[in-house]
Amino acid sequence: MEKYDLIIIGAGPAGLSAAVYAARYKLKTLILSKSMGGMAAVAHKVCNFPSYTEIKGFDLMQKFLKQVEELKVPIIYDETVKIERTKNEFLVITKNKKYNCKKIIFAGGCERIRLKVNGEGKFLGKGVSYCATCDAAFFRNKIVCVVGGSDAALTAALLLSEYASKVYIIYRKENFFRSEPAWIELVEKEKKIETIFNEEVAEIIGKNSVEEIRLKSGKLLKTNGVFIEIGSVPETKSLDSLKVKKTDAGYIITDKNQKTNIAGLYAAGDVIDSQLKQIVTAASQGAVAAYSVYQELKREE
Ligand SMILES: Cc1cc2nc3c(=O)[nH]c(=O)nc-3n(C[C@H](O)[C@H](O)[C@H](O)COP(=O)(O)OP(=O)(O)OC[C@H]3O[C@@H](n4cnc5c(N)ncnc54)[C@H](O)[C@@H]3O)c2cc1C
């Protein structure tokens with residue numbers, strides 16, 4: 001089994017930034033990831049990453065990836081199912097193979113929260129979507145609704161308004177208290193978007209695809225698509241056999257060097273307990289984690 005100094009789990013902003021630093025420290029590094037670019041790659045428009053006034057999330061992550069490829073850090077697209085501690089090393093078990101390494105940077109991000117209503121599973125890919133960037137173009141001249149009230153929900157609604165004839169935002173709170181004022185202003189200006197506050201989706205209804213939704217109040221709303229943007233939970237299942245310290249909500253607790261309570265295990269990005277979950281902060285934490293790994297390996301030599 002080939003042995004690495006460092007395995008990075010996740011190829012989102014945190015993992016790819018860690019890889020850039022690790023490569024420059026000449027660490028023998030491998031990236032294992034389920035997907036390229038993570039959540040950032042599905043962001044419709046990124047307007048707050050320094051150096052770009054506006055860029056599509058996918059295009060930005062392609063640039064992260066290109067740099068990592070130029071630095072010759074290998075990436076294997078595979079899901080890590082389990083991580084075990086063996087003496088002073090780690091055994092990383094993926095769906096297809098096992099790997100050995102001295103240190104790990106865990107940058108697995110978060111996964112989308114399901115709405116858990118009737119019809120959600122049945123119509124997945126037939127009107128139900130968790131990714132407006134991926135699916136908006138299928139709803140040209142159709143009616144869609146976005147469920148949620150965060151920045152992700154508002155940007156999804158704005159993107160959908162470029163294609164759909166009508167976009168409803170359904171949000172259970174009385175205002176968009178969690179969103180950036182700049183996005184709220186754009187949503188309020190867009191004539192195709194209608195917001196329904198203090199409401200929830202109770203059921204998604206249709207025959208072969210979504211035709212309407214029933215709201216908690218009992219009201220029926222005709223729609224061809226339901227875009228679910230109600231947040232995410234940290235993706236830490238593969239760490240279950242290690243006793244990693246987490247918050248009650250499941251976010252990994254790290255120190256200022258991105259170190260977890262498990263020797264040799266570092267974490268960065270959306271998966272950790274942090275105040276601001278953004279591309280720029282994930283990238284920064286990834287860089288700090290790689291620096292800490294480098295320092296620790298040097299001390300151990
Ligand atoms: C719709 C939307 C719009 C957004 N817009 C912006 C924006 O405009 N500006 C901004 O700064 N931020 C934005 N964000 C937030 C930003 O995308 C995240 O903060 C950022 O992507 C976090 O980076 P990360 O590397 O921690 O995690 P992620 O980007 O989620 O990457 C995690 C990676 O880990 C992989 N992974 C997970 N588990 C495993 C496993 N077991 N094995 C292997 N691989 C695994 C995943 O496949 C993924 O590739 C947006 C998010 C969404 C959803």
# chains A, B, ... in the order shown; residues from 1 in each chain; ligands from 1
>>> residues_near_ligand(ligand="ligand 1", cutoff="6 Å", atoms="only C-alpha atoms and all ligand atoms", output="PyMOL selection string")
chain A and resi 9-15+32-40+42-43+45-49+78-81+107-110+152+235+238+269-271+277-280+282
>>> select_by_dssp(residues="segment 31-265 of chain A", states="helix (DSSP H, G or I)", output="ChimeraX atom specification")
/A:38-42,57-70,132-139,151-161,181-189,237-239
>>> closest_residue(among="A:Asp273, A:Glu203, A:Glu211, A:Asp151", to="Leu186 of chain A", atoms="only C-alpha atoms")
A:Asp151
>>> residues_around(residues="Asn141 of chain A", least_positions_apart="5", cutoff="12 Å", atoms="only C-alpha atoms", output="list in words")
Ala136, Leu160, Ser161, Glu162, Tyr163, Ala164, Ser165, Lys166, Val167, Lys192, Thr223, Asn224 and Gly225 of chain A
>>> atom_distance(atom1="atom CA of Ile193 of chain A", atom2="atom CA of Gly149 of chain A")
13.1 Å
>>> select_by_dssp(residues="segment 232-288 of chain A", states="strand (DSSP E)", output="VMD selection string")
chain A and resid 232 to 234 265 to 267
>>> closest_residue(among="A:Leu16, A:Asn88, A:Ala22, A:Glu185", to="Leu65 of chain A", atoms="only C-alpha atoms")
A:Leu16
>>> closest_residue(among="A:Lys26, A:Lys66, A:Lys122, A:Lys256", to="Ile205 of chain A", atoms="only C-alpha atoms")
A:Lys122
>>> residues_around(residues="Gly148 of chain A", least_positions_apart="6", cutoff="6 Å", atoms="only C-alpha atoms", output="list of chain:residue names")
A:Tyr171, A:Glu229, A:Ile230
>>> write_last_selection(atoms="all heavy atoms", output="PDB file, in the first residue's frame")
ATOM      1  N   TYR A 171     -40.878  30.627   2.567  1.00  0.00           N
ATOM      2  CA  TYR A 171     -39.991  30.678   3.735  1.00  0.00           C
ATOM      3  C   TYR A 171     -40.830  30.690   5.007  1.00  0.00           C
ATOM      4  O   TYR A 171     -41.810  31.417   5.110  1.00  0.00           O
ATOM      5  CB  TYR A 171     -39.110  31.936   3.648  1.00  0.00           C
ATOM      6  CG  TYR A 171     -38.017  31.982   4.680  1.00  0.00           C
ATOM      7  CD1 TYR A 171     -37.358  30.831   5.089  1.00  0.00           C
ATOM      8  CD2 TYR A 171     -37.611  33.191   5.238  1.00  0.00           C
ATOM      9  CE1 TYR A 171     -36.348  30.871   6.032  1.00  0.00           C
ATOM     10  CE2 TYR A 171     -36.595  33.245   6.183  1.00  0.00           C
ATOM     11  CZ  TYR A 171     -35.966  32.070   6.578  1.00  0.00           C
ATOM     12  OH  TYR A 171     -34.977  32.114   7.515  1.00  0.00           O
ATOM     13  N   GLU A 229     -33.600  24.568  -0.569  1.00  0.00           N
ATOM     14  CA  GLU A 229     -32.394  25.281  -0.110  1.00  0.00           C
ATOM     15  C   GLU A 229     -32.559  25.596   1.365  1.00  0.00           C
ATOM     16  O   GLU A 229     -32.670  26.761   1.761  1.00  0.00           O
ATOM     17  CB  GLU A 229     -32.222  26.588  -0.905  1.00  0.00           C
ATOM     18  CG  GLU A 229     -31.830  26.411  -2.349  1.00  0.00           C
ATOM     19  CD  GLU A 229     -30.375  25.980  -2.539  1.00  0.00           C
ATOM     20  OE1 GLU A 229     -29.642  25.866  -1.549  1.00  0.00           O
ATOM     21  OE2 GLU A 229     -29.996  25.759  -3.706  1.00  0.00           O
ATOM     22  N   ILE A 230     -32.625  24.537   2.195  1.00  0.00           N
ATOM     23  CA  ILE A 230     -32.904  24.791   3.615  1.00  0.00           C
ATOM     24  C   ILE A 230     -31.698  24.482   4.511  1.00  0.00           C
ATOM     25  O   ILE A 230     -31.839  24.233   5.692  1.00  0.00           O
ATOM     26  CB  ILE A 230     -34.142  24.001   4.093  1.00  0.00           C
ATOM     27  CG1 ILE A 230     -33.973  22.493   3.813  1.00  0.00           C
ATOM     28  CG2 ILE A 230     -35.414  24.544   3.471  1.00  0.00           C
ATOM     29  CD1 ILE A 230     -35.037  21.633   4.479  1.00  0.00           C
TER      30      ILE A 230
END
>>> residues_around(residues="Ala267 of chain A", least_positions_apart="6", cutoff="10 Å", atoms="only C-alpha atoms", output="PyMOL selection string")
chain A and resi 8-9+14-15+104-109+252-255+257-260+273+285-286+288-290
>>> atom_distance(atom1="atom CA of Leu154 of chain A", atom2="atom CA of Cys131 of chain A")
12.6 Å
>>> closest_residue(among="A:Thr236, A:Lys298, A:Thr155, A:Ile196", to="Glu180 of chain A", atoms="only C-alpha atoms")
A:Thr155
>>> residues_around(residues="Glu300 of chain A", least_positions_apart="3", cutoff="12 Å", atoms="only C-alpha atoms", output="PyMOL selection string")
chain A and resi 5+88+102-103+264+293-297
>>> write_last_selection(atoms="C-alpha atoms", output="PDB file, in the first residue's frame")
ATOM      1  CA  ASP A   5       2.560  12.172   4.221  1.00  0.00           C
ATOM      2  CA  ASN A  88       0.955   6.706  14.524  1.00  0.00           C
ATOM      3  CA  LYS A 102       0.783  10.091   8.428  1.00  0.00           C
ATOM      4  CA  LYS A 103      -1.630  13.033   8.592  1.00  0.00           C
ATOM      5  CA  GLY A 264      -2.556  13.941  13.254  1.00  0.00           C
ATOM      6  CA  VAL A 293       0.783  19.489   9.087  1.00  0.00           C
ATOM      7  CA  TYR A 294       4.114  20.605   7.595  1.00  0.00           C
ATOM      8  CA  GLN A 295       5.313  21.968  10.952  1.00  0.00           C
ATOM      9  CA  GLU A 296       4.267  18.791  12.766  1.00  0.00           C
ATOM     10  CA  LEU A 297       5.981  16.503  10.257  1.00  0.00           C
TER      11      LEU A 297
END
>>> closest_residue(among="A:Val20, A:Leu276, A:Lys28, A:Trp183", to="Lys63 of chain A", atoms="only C-alpha atoms")
A:Val20
>>> residues_around(residues="Arg85 of chain A", least_positions_apart="3", cutoff="12 Å", atoms="only C-alpha atoms", output="list in words")
Lys82, Asn88, Glu89, Phe90, Leu91, Val92, Ile93, Tyr99, Asn100, Cys101, Lys102, Lys103, Ile104, Leu239, Asp240, Ser241, Leu242, Lys243, Val244, Ile262, Ala263, Gly264 and Leu265 of chain A
